[in-house]
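*Asks:* So here's query.cif, just mmCIF, C-alpha atoms:
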```
data_query
#
loop_
_atom_site.label_atom_id
_atom_site.label_comp_id
_atom_site.auth_asym_id
_atom_site.auth_seq_id
_atom_site.Cartn_x
_atom_site.Cartn_y
_atom_site.Cartn_z
CA MET A 67 81.34 101.75 87.75
CA SER A 68 83.94 99.04 87.24
CA ASN A 69 86.04 97.81 90.16
CA ARG A 70 88.57 96.31 87.72
CA VAL A 71 91.85 98.01 86.81
CA GLU A 72 94.54 97.06 84.29
CA PHE A 73 98.13 98.04 85.04
CA SER A 74 100.52 99.30 82.40
CA PRO A 75 104.08 97.88 82.42
CA GLU A 76 105.33 101.33 83.48
CA ILE A 77 103.06 101.42 86.54
CA VAL A 78 104.19 97.92 87.54
CA ARG A 79 107.86 98.90 87.27
CA LEU A 80 107.24 102.00 89.41
CA ALA A 81 105.45 99.87 92.00
CA GLN A 82 108.31 97.36 92.01
CA ALA A 83 110.84 100.15 92.53
CA ARG A 84 108.82 101.60 95.42
CA ALA A 85 108.35 98.20 97.06
CA GLU A 86 112.07 97.49 96.77
CA GLU A 87 112.96 100.91 98.19
CA THR A 88 110.67 100.58 101.21
CA GLY A 89 111.08 96.82 101.66
CA THR A 90 107.33 96.28 101.65
CA ASN A 91 104.85 94.05 99.85
CA LEU A 92 104.50 94.66 96.10
CA ALA A 93 100.95 93.31 96.16
CA ASN A 94 99.83 96.01 98.61
CA GLU A 95 101.54 98.70 96.54
CA LEU A 96 99.65 97.56 93.44
CA ALA A 97 96.42 97.27 95.44
CA ARG A 98 96.63 100.89 96.53
CA LEU A 99 97.35 102.05 92.99
CA ALA A 100 94.30 100.12 91.82
CA VAL A 101 92.02 101.88 94.32
CA GLU A 102 93.47 105.25 93.33
CA GLU A 103 92.69 104.46 89.69
CA VAL A 104 89.11 103.48 90.55
CA ILE A 105 88.61 106.80 92.35
CA MET A 106 90.09 108.82 89.49
CA ASN A 107 87.66 107.12 87.09
CA ALA A 108 84.65 107.79 89.34
CA ASP A 109 81.86 110.22 88.45
CA PRO A 110 83.16 113.78 89.11
CA GLU A 111 79.76 114.66 90.58
CA LEU A 112 80.60 112.47 93.58
CA ASP A 113 83.32 114.99 94.48
CA LEU A 114 85.84 112.38 95.66
CA VAL A 115 89.09 114.27 96.15
CA MET A 116 92.30 112.39 96.96
CA GLU A 117 94.87 114.04 99.23
CA PRO A 118 98.06 112.02 98.65
CA GLU A 119 100.21 114.46 100.63
CA ASN A 120 98.28 113.55 103.80
CA ALA A 121 98.54 109.77 103.42
CA LEU A 122 100.92 107.77 105.60
CA SER A 123 101.68 105.64 102.51
CA ALA A 124 103.37 108.71 101.00
CA ILE A 125 106.09 108.62 103.68
CA ASP A 126 108.67 105.93 102.92
CA SER A 127 109.91 105.67 106.50
CA VAL A 128 106.38 105.04 107.82
CA VAL A 129 105.74 102.46 105.11
CA SER A 130 108.98 100.69 105.99
CA ALA A 131 108.28 100.74 109.73
CA ILE A 132 104.64 99.60 109.93
CA GLY A 133 103.52 98.84 106.37
CA ALA A 134 101.15 101.81 106.13
CA ASN A 135 99.14 101.57 102.92
CA ASP A 136 96.37 104.15 103.04
CA ILE A 137 94.75 106.64 100.73
CA VAL A 138 93.16 109.88 101.96
CA VAL A 139 89.87 110.87 100.34
CA ASN A 140 88.04 114.00 101.50
CA GLY A 141 90.03 113.94 104.72
CA ARG A 142 89.36 110.24 105.48
CA HIS A 143 92.18 107.73 105.76
CA ILE A 144 91.15 104.48 104.05
CA ASP A 145 93.46 101.50 104.39
CA VAL A 146 94.06 99.28 101.32
CA ARG A 147 95.29 95.67 101.31
CA ALA A 148 95.75 92.85 98.79
CA ILE A 149 94.01 89.58 99.64
CA ASP A 150 96.37 86.61 99.97
CA GLU A 151 95.97 83.13 98.47
CA ASN A 152 94.18 81.93 101.61
CA GLY A 153 91.53 84.65 101.51
CA HIS A 154 93.01 86.82 104.30
CA VAL A 155 94.41 90.32 104.66
CA SER A 156 96.84 91.34 107.38
CA LEU A 157 98.46 94.46 108.80
CA SER A 158 100.52 95.79 111.71
CA LYS A 159 98.81 95.86 115.08
CA SER A 160 100.07 99.42 115.58
CA LEU A 161 97.51 100.59 112.99
CA VAL A 162 94.45 99.05 114.68
CA GLY A 163 92.28 101.55 116.57
CA THR A 164 93.98 104.58 114.98
CA PRO A 165 92.61 107.06 112.40
CA ALA A 166 94.57 105.12 109.75
CA LEU A 167 91.93 102.36 110.11
CA SER A 168 88.89 104.34 111.25
CA SER A 169 87.35 104.01 107.77
CA GLY A 170 88.25 100.35 107.43
CA THR A 171 90.13 98.54 104.69
CA LEU A 172 89.40 98.16 100.98
CA VAL A 173 90.42 94.70 99.80
CA VAL A 174 91.90 94.13 96.35
CA SER A 175 92.35 90.89 94.43
CA LEU A 176 95.32 90.82 92.06
CA ASP A 177 95.69 88.75 88.90
CA GLY A 178 99.49 88.56 88.83
CA SER A 179 100.75 92.10 88.21
CA THR A 180 98.52 92.90 85.23
CA THR A 181 95.00 93.45 86.59
CA ALA A 182 93.26 94.06 89.91
CA SER A 183 89.72 94.20 91.26
CA VAL A 184 88.41 95.86 94.42
CA ILE A 185 86.33 93.10 95.97
CA ALA A 186 85.40 93.96 99.58
CA HIS A 187 85.48 96.36 102.51
CA ILE A 188 86.51 95.41 106.05
CA LYS A 189 85.04 97.70 108.70
CA ALA A 190 87.21 99.14 111.47
CA GLY A 191 85.28 97.11 114.05
CA SER A 192 86.38 93.84 112.45
CA TRP A 193 90.02 94.75 113.04
CA LEU A 194 89.30 95.75 116.64
CA ASN A 195 87.43 92.52 117.31
CA THR A 196 90.29 90.43 115.88
CA GLU A 197 93.18 92.33 117.48
CA GLY A 198 93.11 90.41 120.77
CA LYS A 199 93.78 87.09 119.04
CA PHE A 200 97.33 88.12 118.12
CA GLY A 201 100.47 89.11 120.01
CA ASP A 202 101.70 92.71 120.07
CA GLN A 203 104.43 92.01 117.52
CA ASP A 204 102.27 89.81 115.29
CA ALA A 205 100.35 90.94 112.24
CA VAL A 206 96.58 91.08 112.70
CA LYS A 207 94.77 88.90 110.17
CA VAL A 208 91.15 89.01 109.00
CA GLU A 209 89.32 86.62 106.68
CA VAL A 210 87.63 88.36 103.76
CA GLU A 211 84.07 87.79 102.66
CA ALA A 212 84.00 88.98 99.06
CA GLY A 213 80.85 89.59 97.04
CA ASN A 214 80.41 89.61 93.27
CA ASP A 215 78.38 92.82 93.38
CA PHE A 216 80.74 94.91 95.55
CA ASP A 217 80.55 98.62 94.67
CA ALA A 218 83.94 100.18 95.42
CA VAL A 219 83.04 103.75 94.44
CA GLY A 220 79.74 103.58 96.31
CA THR A 221 81.54 102.32 99.41
CA ILE A 222 84.13 105.10 99.28
CA HIS A 223 81.43 107.71 98.69
CA GLY A 224 79.50 106.34 101.67
CA ILE A 225 82.59 106.60 103.89
CA CYS A 226 83.05 110.23 102.87
CA GLN A 227 79.42 111.04 103.72
CA ARG A 228 79.79 109.96 107.35
CA VAL A 229 80.28 112.51 110.08
CA GLN A 230 83.99 112.79 110.78
CA ILE A 231 85.01 112.85 114.43
CA PRO A 232 87.93 115.23 115.08
CA VAL A 233 91.16 113.51 116.10
CA THR A 234 92.73 114.73 119.33
CA VAL A 235 96.36 114.18 120.24
CA SER A 236 97.21 114.52 123.91
CA ARG A 237 100.98 114.62 123.50
CA LEU A 238 102.88 115.18 120.28
CA PRO A 239 105.96 112.98 119.92
CA GLU A 240 109.39 114.56 119.84
CA GLU A 241 111.69 114.04 116.87
CA ASP A 242 113.83 111.51 118.78
CA GLU A 243 110.76 109.48 119.64
CA ILE A 244 109.51 109.56 116.04
CA SER A 245 112.93 108.39 114.87
CA LYS A 246 112.88 105.54 117.39
CA PHE A 247 109.40 104.53 116.21
CA LEU A 248 110.40 104.54 112.54
CA ASN A 249 113.59 102.57 113.11
CA ALA A 250 112.48 100.11 115.79
CA PRO A 251 108.73 100.25 116.48
CA GLU A 252 108.91 96.94 118.34
CA SER A 253 111.07 98.62 121.01
CA MET A 254 108.10 100.76 122.08
CA ILE A 255 104.97 99.67 123.91
CA LEU A 256 102.03 99.12 121.56
CA ALA A 257 99.91 101.89 123.10
CA ARG A 258 102.61 104.49 122.35
CA GLN A 259 103.02 103.16 118.82
CA LYS A 260 99.31 103.77 118.23
CA GLN A 261 99.56 107.27 119.69
CA ILE A 262 102.35 108.12 117.26
CA VAL A 263 100.35 106.73 114.33
CA THR A 264 97.43 108.90 115.45
CA ALA A 265 99.71 111.95 115.59
CA LEU A 266 101.01 111.18 112.10
CA CYS A 267 97.45 111.06 110.78
CA ALA A 268 96.36 114.23 112.56
CA LYS A 269 99.31 116.59 112.31
CA ALA A 270 101.11 117.73 109.15
CA GLU A 271 104.12 118.86 111.20
CA VAL A 272 104.59 115.32 112.55
CA ARG A 273 104.42 113.91 109.02
CA ASP A 274 107.00 116.47 107.89
CA ILE A 275 109.39 115.29 110.62
CA ALA A 276 108.85 111.66 109.55
CA ARG A 277 109.62 112.52 105.91
CA ASP A 278 113.01 113.88 106.91
CA ILE A 279 113.99 110.80 108.93
CA LYS A 280 115.85 108.10 107.06
CA PRO A 281 115.67 104.65 108.68
CA ASP A 282 118.99 103.42 110.06
CA LEU A 283 120.64 100.29 108.74
CA SER A 284 121.33 98.83 112.15
CA ARG A 285 123.38 95.68 112.63
CA GLY A 286 120.14 93.84 113.36
CA THR A 287 118.58 95.10 110.15
CA VAL A 288 121.65 94.13 108.13
CA ASN A 289 121.66 90.68 109.73
CA ARG A 290 117.96 90.23 108.92
CA MET A 291 118.65 91.28 105.32
CA LEU A 292 121.54 88.84 105.05
CA ARG A 293 119.47 86.02 106.55
CA ALA A 294 116.62 86.80 104.17
CA GLN A 295 118.99 86.75 101.18
CA SER A 296 120.54 83.50 102.37
CA THR A 297 117.08 81.95 102.73
CA TRP A 298 116.13 83.15 99.24
CA ASN A 299 119.30 81.69 97.73
CA ARG A 300 118.63 78.35 99.41
CA ARG A 301 115.02 78.32 98.19
CA THR A 302 116.17 79.20 94.68
CA GLU A 303 118.67 76.35 94.59
CA GLU A 304 116.04 73.91 95.90
CA LEU A 305 113.58 75.04 93.22
CA VAL A 306 116.19 74.68 90.49
CA ASP A 307 117.04 71.16 91.70
CA LYS A 308 113.38 70.18 91.36
CA ILE A 309 112.75 71.89 88.04
CA SER A 310 115.93 71.32 86.02
CA PRO A 311 115.36 67.59 85.22
CA LYS A 312 112.01 68.52 83.67
CA MET A 313 113.34 71.55 81.78
CA PRO A 314 116.37 70.13 79.91
CA SER A 315 116.53 73.00 77.41
CA LEU A 316 117.17 75.60 80.12
CA THR A 317 120.42 76.03 82.06
CA ARG A 318 120.48 76.44 85.83
CA GLU A 319 121.31 80.13 85.37
CA GLN A 320 118.30 80.60 83.11
CA LEU A 321 116.08 78.88 85.67
CA LYS A 322 117.46 81.10 88.45
CA ARG A 323 116.76 84.18 86.35
CA HIS A 324 113.11 83.15 85.90
CA ILE A 325 112.76 82.50 89.65
CA SER A 326 114.31 85.89 90.47
CA LEU A 327 112.03 87.74 88.04
CA THR A 328 108.99 86.03 89.54
CA GLY A 329 110.22 86.89 93.03
CA GLU A 330 110.63 90.56 92.09
CA GLU A 331 107.09 90.56 90.75
CA LEU A 332 105.28 88.58 93.45
CA GLY A 333 107.58 88.52 96.48
CA GLY A 334 109.82 85.81 97.87
CA GLN A 335 107.20 83.17 98.60
CA PRO A 336 107.71 80.29 96.13
CA GLU A 337 105.14 78.20 98.02
CA ALA A 338 102.34 80.65 97.16
CA PRO A 339 100.00 79.46 94.35
CA ALA A 340 100.29 82.79 92.50
CA PHE A 341 104.11 82.53 92.54
CA ARG A 342 104.00 78.91 91.37
CA LYS A 343 101.64 79.59 88.47
CA ALA A 344 103.53 82.68 87.30
CA LEU A 345 106.88 80.84 87.43
CA LEU A 346 105.60 77.82 85.50
CA LYS A 347 104.07 80.09 82.88
CA ARG A 348 107.47 81.74 82.34
CA LEU A 349 109.30 78.42 82.27
CA SER A 350 106.96 76.73 79.82
CA ALA A 351 107.15 79.65 77.38
CA ASP A 352 110.96 79.70 77.47
CA GLU A 353 111.28 75.91 77.27
CA LEU A 354 109.01 75.82 74.20
CA SER A 355 110.90 78.68 72.60
CA HIS A 356 114.17 76.72 72.98
CA ARG A 357 112.69 73.45 71.75
CA LEU A 358 110.73 74.73 68.80
CA GLY A 359 112.91 77.63 67.77
CA GLY A 360 109.90 79.90 67.51
CA ALA A 361 107.77 77.46 65.50
CA ALA A 362 104.09 78.32 65.96
CA ALA A 363 101.48 75.79 66.97
CA THR A 364 97.99 77.23 66.78
CA LYS A 365 96.50 74.42 68.83
CA VAL A 366 98.86 74.74 71.80
CA LYS A 367 96.27 76.11 74.26
CA SER A 368 93.84 73.26 73.62
CA LEU A 369 96.70 70.80 74.02
CA TYR A 370 97.80 72.36 77.32
CA ASP A 371 94.27 72.30 78.70
CA GLN A 372 93.85 68.60 77.95
CA ILE A 373 97.24 67.56 79.32
CA THR A 374 96.99 69.59 82.52
CA ALA A 375 93.59 67.94 83.00
CA GLY A 376 95.35 64.56 83.11
CA GLN A 377 95.42 63.29 79.53
CA SER A 378 98.69 61.96 78.09
CA ALA A 379 100.51 64.07 75.52
CA LYS A 380 100.16 61.39 72.83
CA ASP A 381 96.41 60.96 73.35
CA ALA A 382 95.86 64.73 73.50
CA VAL A 383 97.67 65.25 70.19
CA LYS A 384 95.60 62.47 68.61
CA SER A 385 92.38 64.17 69.67
CA ILE A 386 93.53 67.42 68.07
CA LEU A 387 94.94 66.11 64.79
CA LYS A 388 92.34 63.35 64.31
CA ASN A 389 95.05 61.27 62.64
CA ASN A 390 96.23 58.49 64.93
CA VAL A 391 98.72 57.00 62.50
CA ALA A 392 100.52 60.30 61.89
CA VAL A 393 100.81 60.84 65.63
CA ASP A 394 102.12 57.28 66.15
CA ILE A 395 104.77 57.87 63.49
CA ALA A 396 105.76 61.23 65.02
CA HIS A 397 105.89 59.65 68.49
CA ALA A 398 108.13 56.86 67.21
CA ILE A 399 110.44 59.40 65.54
CA LYS A 400 110.60 61.51 68.69
CA THR A 401 111.40 58.43 70.79
CA GLN A 402 114.16 57.38 68.36
CA ARG A 403 115.82 60.78 68.59
CA GLY A 404 116.06 60.35 72.34
CA ARG A 405 117.34 63.82 73.14
CA ILE A 406 116.41 67.45 72.78
CA GLU A 407 117.66 68.89 69.50
CA GLY A 408 115.12 71.64 68.92
CA PHE A 409 112.39 70.99 66.41
CA LEU A 410 113.63 69.14 63.33
CA ALA A 411 111.40 68.17 60.42
CA ALA A 412 111.10 64.44 59.99
CA THR A 413 113.48 63.00 57.41
CA SER A 414 112.51 60.31 54.92
CA GLU A 415 114.81 57.91 56.71
CA GLU A 416 113.15 58.61 60.09
CA ILE A 417 109.69 58.18 58.61
CA GLY A 418 110.77 54.92 56.98
CA GLN A 419 112.17 53.58 60.23
CA ALA A 420 109.02 54.57 62.11
CA LEU A 421 106.78 52.92 59.51
CA GLN A 422 108.83 49.76 59.71
CA GLN A 423 108.67 49.80 63.50
CA LEU A 424 104.91 50.30 63.47
CA ALA A 425 104.35 47.90 60.56
CA VAL A 426 102.35 50.57 58.70
CA GLN A 427 102.11 50.72 54.91
CA PRO A 428 103.75 53.94 53.71
CA ALA A 429 101.38 54.71 50.83
CA TYR A 430 98.41 55.48 53.11
CA ALA A 431 100.19 55.83 56.42
CA THR A 432 98.71 59.22 57.27
CA HIS A 433 95.29 58.81 55.69
CA SER A 434 96.40 61.02 52.80
CA SER A 435 96.97 60.23 49.14
CA ASN A 436 99.44 63.12 49.02
CA LYS A 437 102.86 62.20 50.32
CA ASP A 438 103.80 65.83 51.09
CA ALA A 439 100.56 66.41 52.99
CA GLY A 440 101.22 63.27 55.03
CA THR A 441 104.70 64.49 55.94
CA GLU A 442 103.29 67.87 57.00
CA THR A 443 100.88 66.12 59.35
CA ILE A 444 103.74 64.12 60.88
CA ASN A 445 105.76 67.31 61.37
CA GLU A 446 102.79 69.05 62.98
CA ALA A 447 102.42 66.08 65.30
CA LEU A 448 106.13 66.34 66.18
CA ILE A 449 105.67 69.98 67.18
CA LEU A 450 102.62 69.22 69.29
CA LEU A 451 104.35 66.28 70.95
CA GLU A 452 107.19 68.61 71.98
CA VAL A 453 104.62 71.02 73.40
CA GLY A 454 102.86 68.11 75.08
CA GLU A 455 106.05 66.93 76.76
CA VAL A 456 106.58 70.40 78.21
CA ALA A 457 102.97 70.47 79.45
CA GLU A 458 103.38 67.06 81.09
CA ASN A 459 106.58 68.21 82.78
CA ILE A 460 104.89 71.39 84.01
CA SER A 461 102.12 69.30 85.60
CA VAL A 462 104.70 67.08 87.31
CA ILE A 463 106.69 70.11 88.56
CA GLU A 464 103.57 71.79 89.95
CA LYS A 465 102.60 68.62 91.81
CA GLU A 466 106.11 68.31 93.28
CA LEU A 467 106.12 71.98 94.37
CA VAL A 468 102.74 71.62 96.05
CA GLU A 469 103.87 68.50 97.88
CA GLY A 470 107.10 70.21 98.88
#
```
Once you've parsed the file, please lay out its structure as structure tokens.
*Replies:*
Amino acid sequence: MSNRVEFSPEIVRLAQARAEETGTNLANELARLAVEEVIMNADPELDLVMEPENALSAIDSVVSAIGANDIVVNGRHIDVRAIDENGHVSLSKSLVGTPALSSGTLVVSLDGSTTASVIAHIKAGSWLNTEGKFGDQDAVKVEVEAGNDFDAVGTIHGICQRVQIPVTVSRLPEEDEISKFLNAPESMILARQKQIVTALCAKAEVRDIARDIKPDLSRGTVNRMLRAQSTWNRRTEELVDKISPKMPSLTREQLKRHISLTGEELGGQPEAPAFRKALLKRLSADELSHRLGGAAATKVKSLYDQITAGQSAKDAVKSILKNNVAVDIAHAIKTQRGRIEGFLAATSEEIGQALQQLAVQPAYATHSSNKDAGTETINEALILLEVGEVAENISVIEKELVEG
């Protein structure tokens, strides 16, 4: 059984809408959807039955308050988290030691927002052992040890085969207390937070109350939102300042749009490697589209690979076309133009000037006895040199972003 799931664009948009509505992490939303898909594709003989109505992740107010992200299979709550770029997963301390984590955490690795793989399982004891290292208001973090042969369905089936210990709740919370927990969990002692989470897991009537409670937009919440937006705007402007000199075909507004789209997809962490790679992929595609006007270059991927590995654009193009003179002529023409005009076929005058500059005889300048074929090679080299310049700029931008 495969642990790998591919997301349709529709599923991604739904996940983005849910994450925006609840103010939670898009990666965790996609991770949970991936695990649900794996279970739905499992052998029916395993009798794995999901109970979405009993999951805390189905209640927006609980998701907003403590980042609940569980599935319920055969009566067992199983937490689901996306692994971060540093190999860790994290969650609210109020979940540790409650039924929401009694079956541990399934860990999912995301490839952007297109595919996901379930790669590991963290046992409940690991969270309990790590809890004491963090403050009450801090997220608890665990390092993940992933294996290539992890069996997600087998792990879930094994969890469901264990004897389930009944959950007892000594005192059910009143509606006012539930509302306080959902709007300001940090205002309550941690022990009571965990008792309320336990009650939410155990009692349908408590979950029904939580569903009817809409989180307040307190002044503190509004201020946090405004500060977050201000921080995002500042980060966006700083990114644009770094990128714009290397992306002359794109306006500042176009660059901001690409940054915003990447933020919607991967969250507001431009320093994260996944964010950086996704953004540069968007930028390079748009920059090339503007420069080449849609002209196709079948050898672009090979060119990118060589340049991002450290080779110069000119040398990389020479290795692809196997015609050094044609590339030298195209490079001279490109240098003479001196500005971005979109791709223009080389004129006879430009070729003549380049030949004169390079002191090359025109009759056999491109190793071809056919003048038209030689011109085609020069024009192909011009296209690849444009692509190469974008690739070089992308490498420079990525280095600058890493260095901060």
*Asks:* Tell me, in Å to one decimal, how far atom CA of Glu76 of chain A is from atom CA of Glu331 of chain A.
*Replies:*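 Atom CA of Glu331 of chain A lies at a distance of 13.1 Å from atom CA of Glu76 of chain A.
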*Asks:* Give me, as JSON, numbers by chain, all polymer residues having an atom no more than 9 Å from Arg277 of chain A, counting all atoms listed in the file and skipping those fewer than 2 positions away in the same chain.
*Replies:* {"A": [124, 125, 126, 127, 128, 272, 273, 274, 275, 279, 280]}
*Asks:* Starting from the PyMOL selection byres ((chain A and resi 86-92) around 9), expand the selection into actual residues of this file and give them as a list in words.
*Replies:*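 Applied to this file, the PyMOL selection byres ((chain A and resi 86-92) around 9) returns Ala81, Gln82, Ala83, Arg84, Ala85, Ala93, Asn94, Glu95, Leu96, Ala97, Asp126, Ser127, Val129, Ser130, Ala131, Gly133, Glu330, Glu331, Leu332 and Gly333 of chain A.
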*Asks:* Rounded to one decimal, what separation in Å do you get between atom CA of Thr264 of chain A and atom CA of Lys207 of chain A?
*Replies:*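 Here the two named atoms are 20.9 Å from each other.
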*Asks:* Choose the residue, out of A:Val206, A:Ala265, A:Ala218, A:Ala186, that has the smallest atom-to-atom separation from Val104 of chain A; count all atoms listed in the file.
*Replies:*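 Using all atoms listed in the file, Val104 of chain A sits closest to A:Ala218.
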*Asks:* Report as a list in words the residues that result from applying the PyMOL selection byres ((chain A and resi 151) around 8) to the structure here.
*Replies:*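 Written out, the selection comes to Ile149, Asp150, Asn152, Gly153, His154, Ala338, Pro339 and Ala340 of chain A.
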*Asks:* With a distance cut-off of 10 Å and all atoms listed in the file, select the neighbouring residues of Leu238 of chain A, excluding the residue or stretch itself and same-chain residues fewer than 2 positions from it, and output the selection as a list in words.
*Replies:* Val235, Ser236, Glu240, Glu241, Glu243, Ile244, Gln261, Ile262, Thr264, Ala265, Leu266, Lys269, Glu271 and Val272 of chain A
*Asks:* Mind telling me what the PyMOL selection byres ((chain A and resi 228) around 12) catches here, as JSON, numbers by chain?
*Replies:* {"A": [140, 141, 142, 168, 169, 221, 222, 223, 224, 225, 226, 227, 229, 230, 231]}
*Asks:* The residues within 9 Å of (98.0, 96.3, 115.6), using all atoms listed in the file and the coordinates of the file, should be reported as a list in words; which are they?
*Replies:*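 Counting all atoms listed in the file, I find these residues within 9 Å of (98.0, 96.3, 115.6): Leu157, Ser158, Lys159, Ser160, Leu161, Val162, Gly163, Trp193, Leu194, Glu197, Phe200, Gly201, Asp202, Gln203, Asp204, Ala205, Val206, Leu256 and Lys260 of chain A.
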*Asks:* Can you tell me which residues surround Pro118 of chain A at a distance of at most 10 Å, considering only C-alpha atoms, apart from same-chain residues fewer than 4 positions away, and format the answer as an MDAnalysis selection string?
*Replies:* chainID A and resid 102 122:124 136:139
*Asks:* Please report the interatomic distance between atom CA of Asp352 of chain A and atom CA of Asn389 of chain A in Å with one decimal.
*Replies:* 28.5 Å
*Asks:* Using all atoms listed in the file, determine which residues lie at most 8 Å from Ile460 of chain A, disregarding the query and same-chain residues fewer than 6 positions distant; provide the list as a PyMOL selection string.
*Replies:* chain A and resi 312+346+350
*Asks:* With distances taken over only C-alpha atoms, which residue among A:Glu446, A:Ala100, A:Ile132, A:Arg300 lies nearest Ala250 of chain A?
*Replies:*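 Comparing A:Glu446, A:Ala100, A:Ile132, A:Arg300 against Ala250 of chain A, the winner is A:Ile132.
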*Asks:* Point out the residue among A:Arg323, A:Asp145, A:Arg348, A:Gly220 with the least atom-to-atom distance to Asp109 of chain A, counting all atoms listed in the file.
*Replies:* A:Gly220
*Asks:* With distances taken over all atoms listed in the file, which of A:Ser192, A:Asn459, A:Asn249, A:Thr297 is nearest to Ala276 of chain A?
*Replies:* A:Asn249
*Asks:* Work out where the centre of an axis-aligned box around every listed atom of segment 89-106 of chain A lies and how long its edges are once 4 Å is added on each side; give both in Å to one decimal as AutoDock Vina command-line options.
*Replies:*
```
--center_x 99.8 --center_y 101.1 --center_z 95.6 --size_x 30.5 --size_y 23.5 --size_z 20.2
```
